[in-house]
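**Student:** Enclosed is the structure file query.cif (mmCIF, C-alpha atoms and all ligand atoms).
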data_my_file
loop_
_atom_site.label_atom_id
_atom_site.label_comp_id
_atom_site.auth_asym_id
_atom_site.auth_seq_id
_atom_site.Cartn_x
_atom_site.Cartn_y
_atom_site.Cartn_z
CA MET A 1 0.00 0.00 0.00
CA ARG A 2 1.61 3.25 -1.14
CA PHE A 3 -0.68 5.75 0.62
CA LYS A 4 -1.68 6.22 4.23
CA SER A 5 -5.30 6.03 5.25
CA TRP A 6 -6.82 9.02 6.96
CA ASP A 7 -6.98 9.06 10.72
CA TRP A 8 -10.00 11.15 11.64
CA ARG A 9 -10.38 9.78 15.13
CA GLN A 10 -7.08 10.94 16.58
CA THR A 11 -7.75 14.58 15.68
CA LEU A 12 -11.32 14.39 16.91
CA GLU A 13 -10.17 12.97 20.24
CA GLU A 14 -7.53 15.68 20.57
CA ILE A 15 -10.12 18.41 19.96
CA GLU A 16 -12.37 16.88 22.60
CA ALA A 17 -9.57 16.47 25.17
CA ARG A 18 -8.52 20.11 24.84
CA GLY A 19 -12.06 21.35 25.53
CA LEU A 20 -12.27 22.69 21.98
CA LYS A 21 -15.09 20.57 20.62
CA ARG A 22 -17.70 22.75 18.96
CA HIS A 23 -21.37 21.89 19.39
CA LYS A 24 -24.18 23.32 17.39
CA LEU A 25 -27.69 23.79 18.64
CA THR A 26 -30.71 23.27 16.43
CA LEU A 27 -33.22 26.11 16.40
CA GLU A 28 -36.87 25.07 16.46
CA SER A 29 -38.19 28.63 16.20
CA ALA A 30 -37.43 31.76 14.20
CA GLN A 31 -34.29 33.68 15.13
CA GLY A 32 -34.90 36.21 17.90
CA VAL A 33 -34.13 37.11 21.51
CA ARG A 34 -36.35 34.20 22.59
CA VAL A 35 -35.69 30.96 20.77
CA ARG A 36 -36.70 27.30 21.13
CA VAL A 37 -34.01 24.65 21.33
CA ASP A 38 -34.68 21.03 22.41
CA GLY A 39 -38.24 22.01 23.22
CA ARG A 40 -37.13 24.66 25.73
CA THR A 41 -37.35 28.42 25.40
CA PHE A 42 -34.10 30.33 25.92
CA LEU A 43 -33.25 33.99 26.30
CA SER A 44 -30.60 34.39 23.62
CA PHE A 45 -27.58 36.69 23.52
CA ALA A 46 -25.94 34.58 20.84
CA SER A 47 -27.17 35.73 17.43
CA ASN A 48 -25.90 38.51 15.17
CA ASP A 49 -29.44 39.72 14.51
CA TYR A 50 -28.62 43.08 16.15
CA LEU A 51 -31.67 45.00 14.94
CA SER A 52 -34.02 42.01 15.39
CA LEU A 53 -34.88 42.07 11.70
CA ALA A 54 -34.42 38.36 10.88
CA ASN A 55 -38.09 37.65 11.63
CA HIS A 56 -39.49 41.15 11.00
CA PHE A 57 -42.99 41.17 9.48
CA GLU A 58 -42.27 43.84 6.86
CA ILE A 59 -39.17 42.04 5.63
CA LYS A 60 -41.01 38.74 5.53
CA ALA A 61 -43.80 40.40 3.56
CA ALA A 62 -41.28 41.77 1.05
CA ALA A 63 -39.74 38.30 0.69
CA GLU A 64 -43.14 36.61 0.28
CA ASP A 65 -44.23 39.11 -2.32
CA ALA A 66 -41.02 38.68 -4.32
CA LEU A 67 -41.20 34.91 -3.91
CA LYS A 68 -44.66 34.86 -5.48
CA ARG A 69 -43.56 37.01 -8.41
CA PHE A 70 -40.06 35.74 -9.10
CA GLY A 71 -39.97 32.22 -7.67
CA VAL A 72 -37.34 30.68 -5.46
CA GLY A 73 -34.07 30.19 -7.28
CA SER A 74 -32.31 32.90 -9.28
CA GLY A 75 -31.70 30.23 -11.92
CA ALA A 76 -28.17 31.18 -13.02
CA SER A 77 -25.07 33.12 -12.13
CA HIS A 78 -25.16 36.93 -12.40
CA MET A 79 -23.25 37.09 -15.70
CA VAL A 80 -25.36 34.36 -17.31
CA LEU A 81 -29.06 35.08 -16.63
CA GLY A 82 -29.42 35.08 -12.86
CA HIS A 83 -29.21 38.84 -12.30
CA HIS A 84 -32.79 39.89 -11.54
CA ALA A 85 -34.26 43.37 -11.24
CA ALA A 86 -34.35 42.76 -7.47
CA HIS A 87 -30.52 42.50 -7.45
CA ALA A 88 -30.12 45.58 -9.63
CA ASP A 89 -32.48 47.61 -7.41
CA LEU A 90 -30.72 46.48 -4.25
CA GLU A 91 -27.32 47.34 -5.70
CA SER A 92 -28.34 50.88 -6.56
CA ALA A 93 -29.97 51.35 -3.14
CA LEU A 94 -26.73 50.17 -1.51
CA ALA A 95 -24.67 52.57 -3.60
CA THR A 96 -26.87 55.44 -2.42
CA PHE A 97 -26.79 54.21 1.18
CA THR A 98 -22.98 54.00 1.25
CA HIS A 99 -22.45 57.23 -0.77
CA ARG A 100 -20.48 55.29 -3.35
CA GLU A 101 -20.82 55.08 -7.12
CA ARG A 102 -21.65 51.42 -7.30
CA ALA A 103 -22.26 48.27 -5.29
CA ILE A 104 -22.17 44.58 -6.20
CA THR A 105 -23.93 41.81 -4.25
CA PHE A 106 -22.89 38.30 -3.25
CA SER A 107 -24.55 35.27 -1.65
CA THR A 108 -22.33 35.41 1.45
CA GLY A 109 -19.80 37.72 3.07
CA TYR A 110 -17.20 34.99 2.92
CA MET A 111 -17.54 34.99 -0.87
CA ALA A 112 -17.54 38.79 -1.13
CA ASN A 113 -14.17 38.86 0.60
CA LEU A 114 -12.76 36.02 -1.52
CA ALA A 115 -13.97 37.81 -4.65
CA MET A 116 -12.60 41.18 -3.65
CA VAL A 117 -9.17 40.14 -2.42
CA ALA A 118 -8.45 37.39 -4.92
CA SER A 119 -9.40 39.57 -7.89
CA ILE A 120 -7.46 42.64 -6.76
CA ALA A 121 -4.28 41.14 -5.31
CA ASP A 122 -1.70 39.19 -7.31
CA SER A 123 1.84 37.92 -6.74
CA LYS A 124 3.20 41.49 -6.92
CA THR A 125 0.84 42.73 -4.23
CA LEU A 126 1.56 42.82 -0.53
CA ILE A 127 -1.49 42.36 1.65
CA LEU A 128 -1.28 43.82 5.14
CA GLN A 129 -4.10 42.97 7.47
CA ASP A 130 -5.12 43.27 11.09
CA LYS A 131 -4.26 40.26 13.20
CA LEU A 132 -7.88 39.98 14.38
CA ASN A 133 -9.51 40.20 10.95
CA HIS A 134 -12.33 37.81 10.13
CA ALA A 135 -11.29 34.37 8.85
CA SER A 136 -12.73 35.11 5.41
CA LEU A 137 -10.23 37.94 4.85
CA ILE A 138 -7.38 35.74 5.97
CA ASP A 139 -8.50 32.91 3.68
CA ALA A 140 -9.03 35.38 0.83
CA ALA A 141 -5.44 36.56 1.13
CA ALA A 142 -4.21 32.97 0.96
CA LEU A 143 -6.34 32.30 -2.12
CA SER A 144 -5.04 35.40 -3.92
CA GLY A 145 -1.49 34.11 -4.08
CA ALA A 146 -0.24 37.46 -2.76
CA ARG A 147 2.13 37.70 0.17
CA SER A 148 0.18 38.50 3.29
CA GLN A 149 1.32 39.78 6.66
CA ARG A 150 -0.69 40.53 9.76
CA TYR A 151 0.00 43.63 11.79
CA LEU A 152 -0.72 43.87 15.52
CA HIS A 153 -4.36 44.42 16.31
CA ASN A 154 -5.47 48.02 15.69
CA ASN A 155 -1.83 49.11 15.95
CA LEU A 156 -0.88 51.77 13.41
CA GLN A 157 2.79 51.73 14.40
CA SER A 158 2.92 48.04 13.60
CA LEU A 159 1.22 48.61 10.23
CA GLU A 160 3.59 51.45 9.38
CA LYS A 161 6.59 49.25 10.17
CA TYR A 162 5.40 46.76 7.58
CA LEU A 163 4.73 49.57 5.08
CA VAL A 164 8.21 51.03 5.54
CA LYS A 165 9.78 47.62 5.12
CA ALA A 166 7.72 46.95 1.99
CA THR A 167 8.90 50.16 0.31
CA GLU A 168 12.41 48.67 0.36
CA ASN A 169 11.32 45.47 -1.36
CA PRO A 170 11.14 45.84 -5.17
CA GLU A 171 9.01 42.67 -5.40
CA TYR A 172 6.01 44.56 -4.11
CA GLU A 173 4.39 46.84 -6.64
CA LYS A 174 1.19 47.52 -4.74
CA VAL A 175 -0.13 47.27 -1.21
CA LEU A 176 -3.65 46.30 -0.14
CA VAL A 177 -4.62 46.92 3.49
CA LEU A 178 -7.54 44.95 4.93
CA SER A 179 -9.36 45.60 8.17
CA ASP A 180 -12.60 44.67 9.84
CA GLY A 181 -14.61 47.80 10.71
CA VAL A 182 -15.91 46.28 13.94
CA PHE A 183 -13.90 43.28 15.12
CA SER A 184 -16.22 40.32 15.33
CA MET A 185 -14.95 38.65 18.51
CA ASP A 186 -13.93 41.73 20.53
CA GLY A 187 -16.54 44.25 19.42
CA ASP A 188 -14.01 47.07 19.22
CA VAL A 189 -13.82 49.50 16.30
CA ALA A 190 -10.91 49.94 13.85
CA LYS A 191 -9.01 53.23 14.18
CA LEU A 192 -10.24 54.10 10.75
CA CYS A 193 -9.26 57.79 10.57
CA SER A 194 -5.57 57.11 11.21
CA LEU A 195 -5.73 53.92 9.18
CA SER A 196 -7.02 55.68 6.07
CA GLU A 197 -4.57 58.54 6.56
CA LEU A 198 -1.66 56.10 6.75
CA CYS A 199 -2.86 54.21 3.66
CA GLN A 200 -3.17 57.43 1.69
CA ARG A 201 0.34 58.46 2.73
CA TYR A 202 1.79 55.22 1.35
CA ASN A 203 -0.61 54.91 -1.58
CA ALA A 204 -1.94 51.63 -0.21
CA LEU A 205 -5.48 50.61 -1.12
CA LEU A 206 -7.71 50.30 1.94
CA ALA A 207 -10.63 47.85 2.11
CA VAL A 208 -12.84 47.70 5.19
CA ASP A 209 -15.19 44.82 6.03
CA ASP A 210 -17.87 46.32 8.24
CA ALA A 211 -20.07 43.26 8.73
CA HIS A 212 -20.86 44.18 12.35
CA GLY A 213 -20.97 47.97 11.99
CA PHE A 214 -23.71 48.36 9.39
CA GLY A 215 -27.08 48.98 10.97
CA VAL A 216 -25.58 49.54 14.41
CA LEU A 217 -23.13 52.42 14.07
CA GLY A 218 -23.60 55.80 12.39
CA GLU A 219 -26.63 58.05 12.48
CA HIS A 220 -28.28 56.25 9.55
CA GLY A 221 -26.76 52.86 10.23
CA GLY A 222 -23.96 53.43 7.71
CA GLY A 223 -21.47 51.70 9.99
CA VAL A 224 -17.94 52.71 10.97
CA VAL A 225 -17.47 54.84 7.88
CA GLU A 226 -20.46 56.99 8.82
CA HIS A 227 -19.48 56.85 12.50
CA PHE A 228 -16.14 58.52 11.64
CA GLY A 229 -17.52 60.63 8.77
CA LEU A 230 -15.13 59.17 6.20
CA THR A 231 -15.50 59.64 2.44
CA SER A 232 -15.16 57.10 -0.36
CA GLN A 233 -11.72 58.55 -1.12
CA GLN A 234 -10.65 57.72 2.41
CA VAL A 235 -12.14 54.21 2.37
CA PRO A 236 -12.22 53.17 -1.30
CA LEU A 237 -13.57 49.64 -0.75
CA LEU A 238 -16.32 48.85 1.70
CA VAL A 239 -17.78 45.41 2.40
CA GLY A 240 -21.03 44.81 4.27
CA THR A 241 -22.89 41.59 4.99
CA PHE A 242 -26.63 40.97 5.20
CA GLY A 243 -26.54 38.08 7.67
CA LYS A 244 -25.97 40.33 10.70
CA ALA A 245 -27.98 43.51 11.37
CA PHE A 246 -29.78 43.30 8.00
CA GLY A 247 -31.37 40.05 9.16
CA THR A 248 -31.26 38.40 5.71
CA ALA A 249 -28.34 36.73 3.90
CA GLY A 250 -25.62 37.80 1.49
CA ALA A 251 -23.18 40.66 1.21
CA PHE A 252 -22.02 43.59 -0.90
CA ILE A 253 -18.92 45.47 -1.92
CA ALA A 254 -19.27 49.21 -2.59
CA GLY A 255 -16.77 51.49 -4.31
CA ASN A 256 -16.26 53.62 -7.39
CA ASN A 257 -17.47 52.51 -10.84
CA GLU A 258 -14.12 51.27 -12.05
CA ILE A 259 -13.17 49.22 -9.04
CA ILE A 260 -16.57 47.48 -8.89
CA GLU A 261 -16.52 46.87 -12.64
CA TYR A 262 -13.06 45.36 -12.24
CA ILE A 263 -14.28 42.98 -9.52
CA GLU A 264 -17.31 42.01 -11.61
CA GLN A 265 -15.11 41.19 -14.58
CA LYS A 266 -12.38 39.39 -12.67
CA ALA A 267 -13.71 37.77 -9.51
CA ARG A 268 -14.17 34.02 -9.85
CA ALA A 269 -16.18 33.95 -6.61
CA TYR A 270 -18.65 36.27 -8.35
CA ILE A 271 -18.67 34.78 -11.84
CA TYR A 272 -18.81 31.06 -11.05
CA THR A 273 -21.66 30.92 -8.59
CA THR A 274 -25.44 31.17 -8.70
CA ALA A 275 -26.89 34.58 -7.83
CA MET A 276 -28.69 34.83 -4.49
CA PRO A 277 -32.47 34.21 -4.68
CA PRO A 278 -34.22 37.38 -5.88
CA ALA A 279 -36.62 37.22 -2.91
CA ILE A 280 -33.63 37.57 -0.56
CA ALA A 281 -32.49 40.62 -2.53
CA ALA A 282 -35.98 42.14 -2.25
CA ALA A 283 -36.13 41.37 1.48
CA THR A 284 -32.70 42.93 1.94
CA GLN A 285 -33.83 46.10 0.21
CA LYS A 286 -36.70 46.38 2.69
CA SER A 287 -34.32 45.83 5.53
CA LEU A 288 -32.01 48.56 4.17
CA PHE A 289 -34.98 50.92 4.25
CA LEU A 290 -35.76 49.97 7.87
CA ILE A 291 -32.09 50.30 8.91
CA GLY A 292 -32.03 53.92 7.68
CA ARG A 293 -34.86 54.73 10.08
CA ALA A 294 -33.83 52.60 13.08
CA HIS A 295 -32.61 55.57 15.14
CA SER A 296 -34.35 54.55 18.36
CA GLU A 297 -33.15 50.94 17.99
CA ARG A 298 -29.54 52.14 17.68
CA ALA A 299 -29.93 54.37 20.75
CA HIS A 300 -31.50 51.46 22.64
CA LEU A 301 -28.52 49.21 21.78
CA GLN A 302 -26.13 51.87 23.13
CA ASN A 303 -28.11 52.09 26.37
CA LEU A 304 -28.23 48.32 26.81
CA GLY A 305 -24.49 48.09 26.13
CA ARG A 306 -23.67 50.74 28.71
CA PHE A 307 -25.92 49.07 31.27
CA PHE A 308 -24.41 45.63 30.63
CA ARG A 309 -20.80 46.83 30.83
CA GLU A 310 -21.38 48.79 34.05
CA GLN A 311 -23.14 45.92 35.79
CA ALA A 312 -20.77 43.18 34.64
CA THR A 313 -17.73 45.28 35.56
CA ASP A 314 -19.21 45.84 39.02
CA LEU A 315 -19.41 42.06 39.40
CA GLY A 316 -15.67 41.88 38.74
CA PHE A 317 -15.79 40.57 35.17
CA ASP A 318 -13.19 41.66 32.63
CA VAL A 319 -15.49 43.35 30.12
CA LEU A 320 -13.96 44.49 26.83
CA PRO A 321 -14.68 48.11 25.84
CA SER A 322 -17.30 48.33 23.09
CA VAL A 323 -19.62 50.84 21.43
CA THR A 324 -21.16 48.10 19.32
CA ALA A 325 -23.68 45.31 19.83
CA ILE A 326 -20.88 42.84 20.61
CA GLN A 327 -19.93 42.64 24.28
CA GLY A 328 -16.94 40.48 25.13
CA VAL A 329 -16.31 39.13 28.63
CA LEU A 330 -12.78 37.83 28.88
CA ILE A 331 -12.56 34.58 30.87
CA GLY A 332 -9.22 33.02 29.92
CA GLU A 333 -9.22 29.24 29.75
CA SER A 334 -11.44 27.30 27.36
CA THR A 335 -12.68 24.99 30.09
CA ALA A 336 -13.68 27.93 32.32
CA VAL A 337 -15.59 29.65 29.55
CA MET A 338 -17.36 26.39 28.75
CA SER A 339 -18.38 25.87 32.39
CA LEU A 340 -19.77 29.39 32.54
CA ALA A 341 -21.63 29.07 29.23
CA ASN A 342 -23.08 25.71 30.32
CA TYR A 343 -24.18 27.20 33.63
CA LEU A 344 -25.95 30.07 31.84
CA ASN A 345 -27.50 27.52 29.51
CA MET A 346 -28.98 25.65 32.49
CA GLN A 347 -30.47 28.95 33.62
CA GLY A 348 -32.15 29.26 30.22
CA ILE A 349 -29.71 31.76 28.73
CA LEU A 350 -27.71 31.32 25.52
CA VAL A 351 -24.41 33.14 24.99
CA GLY A 352 -21.49 32.57 22.67
CA ALA A 353 -18.46 30.78 24.14
CA ILE A 354 -15.51 31.68 21.95
CA ARG A 355 -12.34 29.63 22.22
CA PRO A 356 -9.12 29.08 20.31
CA PRO A 357 -8.50 28.89 17.40
CA THR A 358 -11.12 31.61 16.88
CA VAL A 359 -9.30 33.69 19.53
CA ALA A 360 -5.75 33.48 20.89
CA PRO A 361 -4.93 30.80 23.51
CA GLY A 362 -5.78 32.01 27.04
CA LYS A 363 -8.24 34.56 25.63
CA ALA A 364 -11.41 32.50 25.67
CA ARG A 365 -14.42 34.67 26.29
CA LEU A 366 -18.16 35.00 26.38
CA ARG A 367 -19.44 36.79 23.33
CA ILE A 368 -22.66 38.47 24.29
CA THR A 369 -24.62 40.14 21.54
CA LEU A 370 -27.34 42.66 22.20
CA CYS A 371 -30.36 43.02 19.95
CA ALA A 372 -33.04 45.66 19.51
CA ASP A 373 -35.70 43.32 20.96
CA HIS A 374 -33.80 42.84 24.24
CA SER A 375 -35.24 44.79 27.17
CA GLN A 376 -33.27 46.03 30.13
CA VAL A 377 -35.04 43.32 32.16
CA ASP A 378 -33.55 40.70 29.81
CA VAL A 379 -30.06 42.10 30.34
CA GLN A 380 -30.66 42.21 34.10
CA ARG A 381 -31.54 38.51 33.98
CA LEU A 382 -28.19 37.81 32.34
CA ILE A 383 -26.39 39.94 34.94
CA ASP A 384 -28.14 38.09 37.79
CA ALA A 385 -27.12 34.73 36.32
CA LEU A 386 -23.50 35.92 35.95
CA ALA A 387 -23.55 37.05 39.59
CA ARG A 388 -24.77 33.61 40.73
CA ALA A 389 -22.13 31.89 38.60
CA LYS A 390 -19.48 33.97 40.29
CA GLN A 391 -20.83 33.20 43.80
CA GLU A 392 -20.99 29.51 43.07
CA GLY A 393 -17.43 29.43 41.70
CA VAL A 394 -18.57 27.99 38.39
CA MET A 395 -15.41 29.08 36.56
CA GLN A 396 -12.89 27.38 38.85
C1 LIG B 401 -19.82 37.24 9.36
C2 LIG B 401 -18.68 37.91 8.72
C3 LIG B 401 -18.31 37.63 7.41
C4 LIG B 401 -18.94 36.52 6.62
O1 LIG B 401 -20.20 36.87 6.20
P1 LIG B 401 -21.23 35.71 5.84
O2 LIG B 401 -22.28 36.40 5.08
O3 LIG B 401 -21.69 35.15 7.13
O4 LIG B 401 -20.48 34.71 5.02
C5 LIG B 401 -17.29 38.35 6.84
N1 LIG B 401 -16.63 39.29 7.54
C6 LIG B 401 -16.94 39.57 8.82
C7 LIG B 401 -16.16 40.60 9.55
C8 LIG B 401 -17.97 38.88 9.45
O5 LIG B 401 -18.26 39.12 10.71
#
Would it be possible to restate this file's structure as structure tokens?
Ligand SMILES: *Cc1c(COP(=O)(O)O)cnc(C)c1O

**Tutor:**
Amino acid sequence: MRFKSWDWRQTLEEIEARGLKRHKLTLESAQGVRVRVDGRTFLSFASNDYLSLANHFEIKAAAEDALKRFGVGSGASHMVLGHHAAHADLESALATFTHRERAITFSTGYMANLAMVASIADSKTLILQDKLNHASLIDAAALSGARSQRYLHNNLQSLEKYLVKATENPEYEKVLVLSDGVFSMDGDVAKLCSLSELCQRYNALLAVDDAHGFGVLGEHGGGVVEHFGLTSQQVPLLVGTFGKAFGTAGAFIAGNNEIIEYIEQKARAYIYTTAMPPAIAAATQKSLFLIGRAHSERAHLQNLGRFFREQATDLGFDVLPSVTAIQGVLIGESTAVMSLANYLNMQGILVGAIRPPTVAPGKARLRITLCADHSQVDVQRLIDALARAKQEGVMQ
């Protein structure tokens, strides 16, 4: 026998022994702050449905209406015959919303990032990206064939060091800088003003993936870019996803006409895949409309966040600073975070327990997400459960 057989079991046992086994729950209800799992109702702080739009009646009505008129499947890829009027309408609404010339839509954010990075970067490009960027940006860099380096999280000195070094290397003709807008596991915000200034100084192209900022930050829900008042010159490429605050599915890239045209012509992850169902595009357009007007929901999220951080800090928890819907509570060891999450689960509360390799070793944490439908009473219930966990020494 020339080849080895695969040994799945050893790896699986290792994962289990290190407390890193991932379990998924099966939802028996619609997404929301109250969900059914295993026949029980839980108070959930574990979704990314920040504006509670995933089961919103107006968005469902828009989807149903489009479903009746246009059917289920898009039927083809965009460049063949799958690009429906619903996609075209959504793309122009997104361009207006982001104050950019053009937007292009994708079935998932993972694909939008693959499409963007792999079409733009080649072997003569250096990609510099934040150490805590989303996995899809990291994978996209690998797929592009470009050299990729990761600078220290939100550290402009570290980025500049790499930029200075790159200017001395004749192999690099261009530089692409990638950053999350809101970091998905910490909930902190990229230092976008200094980041864009630094990129402009070195003539590096900046692309920002604001999956968690859209809908939540900015007066009209325009995300980090609106939060900091940055123009399309300052942030030339902007990615947003629909699976978080939009409450639907898919993603977009917005930028000037040429850059979006370039991606459309070149990106394999755009060309060789079926367009998202038109009903999802229509539903997303409704959700975009609702996001623009969700001023009180955004204010409510800020209030809940402040309340949660104050109370949890008072209990002695290490709460990460955040102005977003993502609230991180640093615990440390994977086993401790699992015990705490299981304890909360027994109390009828669902939270995210985030462990390596998603975060660095020793940095396991609870990832608590706040949604528009949460009340202060809901958050108080979480705080009370955390207080009991602490008293009972659950994390030891
Ligand atoms: C969720 C997320 C993605 C992936 O988007 P999907 O639509 O879920 O594939 C990409 N980037 C960031 C920062 C994300 O949080």

**Student:** Write out as a tab-separated table a residue-level contact list of chain A versus ligand LIG 401 (chain B) with cut-off 6 Å: for each qualifying residue the closest pair of atoms and the distance in Å to one decimal, counting all atoms listed in the file, rows sorted by chain and residue number upward.

**Tutor:**
residue	atom	partner	partner_atom	distance
A:Thr108	CA	B:LIG401	O2	3.8
A:Gly109	CA	B:LIG401	O1	3.3
A:Tyr110	CA	B:LIG401	O4	3.9
A:His134	CA	B:LIG401	C7	4.8
A:Ser136	CA	B:LIG401	C5	5.8
A:Asp180	CA	B:LIG401	C7	5.4
A:Ser184	CA	B:LIG401	O5	5.2
A:Asp209	CA	B:LIG401	C7	5.6
A:Ala211	CA	B:LIG401	C7	4.8
A:His212	CA	B:LIG401	O5	5.9
A:Thr241	CA	B:LIG401	O2	5.2
A:Gly243	CA	B:LIG401	O2	5.3
A:Gly250	CA	B:LIG401	O2	5.1
A:Ala251	CA	B:LIG401	O2	5.8

**Student:** Write out the residues from the selection above, keeping C-alpha atoms, as an mmCIF file, in the coordinates of the input.

**Tutor:**
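Done, and the output landed in part18.cif:
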data_model
loop_
_atom_site.group_PDB
_atom_site.id
_atom_site.type_symbol
_atom_site.label_atom_id
_atom_site.label_comp_id
_atom_site.auth_asym_id
_atom_site.auth_seq_id
_atom_site.Cartn_x
_atom_site.Cartn_y
_atom_site.Cartn_z
ATOM 1 C CA THR A 108 -22.330 35.410 1.450
ATOM 2 C CA GLY A 109 -19.800 37.720 3.070
ATOM 3 C CA TYR A 110 -17.200 34.990 2.920
ATOM 4 C CA HIS A 134 -12.330 37.810 10.130
ATOM 5 C CA SER A 136 -12.730 35.110 5.410
ATOM 6 C CA ASP A 180 -12.600 44.670 9.840
ATOM 7 C CA SER A 184 -16.220 40.320 15.330
ATOM 8 C CA ASP A 209 -15.190 44.820 6.030
ATOM 9 C CA ALA A 211 -20.070 43.260 8.730
ATOM 10 C CA HIS A 212 -20.860 44.180 12.350
ATOM 11 C CA THR A 241 -22.890 41.590 4.990
ATOM 12 C CA GLY A 243 -26.540 38.080 7.670
ATOM 13 C CA GLY A 250 -25.620 37.800 1.490
ATOM 14 C CA ALA A 251 -23.180 40.660 1.210
#

**Student:** With only C-alpha atoms as the counted atoms, please give the residues lying no more than 10 Å from Ile138 (chain A), apart from itself and same-chain residues fewer than 4 positions off, as an MDAnalysis selection string.

**Tutor:** chainID A and resid 113:114 117 127 129:134 142:143 148:150 178

**Student:** For each of A:Thr273, A:Gln233, A:Leu163, A:Asp318, take the minimum atom-to-atom distance to Gly82 (chain A), counting all atoms listed in the file, then give the residue where this is smallest.

**Tutor:**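 Going through A:Thr273, A:Gln233, A:Leu163, A:Asp318 one by one, the smallest distance to Gly82 (chain A) is for A:Thr273.
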
**Student:** For region 366-377 of chain A, work out the shell of residues within 8 Å, counting only C-alpha atoms and skipping chain neighbours fewer than 3 positions away, then give it as number ranges by chain.

**Tutor:** A: 32-33, 45-52, 185-186, 297-298, 300-301, 304-305, 325-331, 337, 341, 351-354, 380-381

**Student:** Could you tell me how far CA of Ser29 (chain A) lies from CA of Met111 (chain A), in Å and to one decimal?

**Tutor:**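 One can read the CA of Ser29 (chain A) to CA of Met111 (chain A) distance as 27.5 Å.
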
**Student:** Quote the spacing between CA of Leu382 (chain A) and CA of Phe242 (chain A) in Å to one decimal place.

**Tutor:**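 Atom-to-atom, CA of Leu382 (chain A) and CA of Phe242 (chain A) are spaced 27.4 Å apart.
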
**Student:** So that each row is one residue of region 67-133 of chain A with an atom at most 9 Å from region 256-269 of chain A, can you give its shortest atom pair and the distance in Å to one decimal, using all atoms listed in the file, rows by chain and rising number, as a tab-separated table?

**Tutor:**
residue	atom	partner	partner_atom	distance
A:Met79	CA	A:Glu264	CA	8.7
A:Arg100	CA	A:Asn256	CA	6.1
A:Glu101	CA	A:Asn256	CA	4.8
A:Arg102	CA	A:Asn257	CA	5.6
A:Ala103	CA	A:Ile260	CA	6.8
A:Ile104	CA	A:Ile260	CA	6.9
A:Phe106	CA	A:Ala269	CA	8.7
A:Met111	CA	A:Ala269	CA	6.0
A:Ala112	CA	A:Ala269	CA	7.4
A:Asn113	CA	A:Ala269	CA	9.0
A:Leu114	CA	A:Ala269	CA	6.5
A:Ala115	CA	A:Ala269	CA	4.9
A:Met116	CA	A:Ile263	CA	6.4
A:Val117	CA	A:Ala267	CA	8.7
A:Ala118	CA	A:Ala267	CA	7.0
A:Ser119	CA	A:Ala267	CA	4.9
A:Ile120	CA	A:Ile263	CA	7.4

**Student:** Just checking: using only C-alpha atoms, which residue out of A:Phe42, A:Phe252, A:Phe57, A:Phe246 ends up closest to Ser92 (chain A)?

**Tutor:** A:Phe252

**Student:** For CA of Glu392 (chain A) and CA of Glu310 (chain A), determine how far apart the two atoms are, in Å to one decimal place.

**Tutor:**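 CA of Glu392 (chain A) sits 21.3 Å away from CA of Glu310 (chain A).
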
**Student:** Could you name the residues that touch Met346 (chain A) at 12 Å or less, counting only C-alpha atoms, but leaving out those on the same chain fewer than 2 positions away, as a list in words?

**Tutor:**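 Counting only the stated atoms, we get Arg40, Thr41, Phe42, Leu43, Ser339, Leu340, Ala341, Asn342, Tyr343, Leu344, Gly348, Ile349, Leu350, Val351, Ala385 and Ala389 of chain A.
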
**Student:** Which is closest to Arg34 (chain A) among A:Asn155, A:Gly393, A:Asn55, A:Ser194, if we use all atoms listed in the file?

**Tutor:** A:Asn55

**Student:** Considering only C-alpha atoms, state which residue in the set A:Ala204, A:Ala66, A:Ala146, A:Ala135 is at the smallest distance from Thr358 (chain A).

**Tutor:**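 So, comparing all the options, the nearest one is A:Ala135.
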
**Student:** With all atoms listed in the file as the basis for distance, which of A:Asp188, A:Leu288, A:Thr248, A:Leu53 is at the shortest distance from Asp89 (chain A)?

**Tutor:** A:Leu288

**Student:** Which residue gives the smallest distance to Tyr151 (chain A) among A:Ala279, A:Ala364, A:Val359, A:Leu128, with all atoms listed in the file counted?

**Tutor:**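 Going through A:Ala279, A:Ala364, A:Val359, A:Leu128 one by one, the smallest distance to Tyr151 (chain A) is for A:Leu128.
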
**Student:** Find the residues near Gly316 (chain A): any atom within 10 Å, counting only C-alpha atoms, skip ones fewer than 4 places away on the same chain, and give them as a PyMOL selection string.

**Tutor:** chain A and resi 311-312+387+390
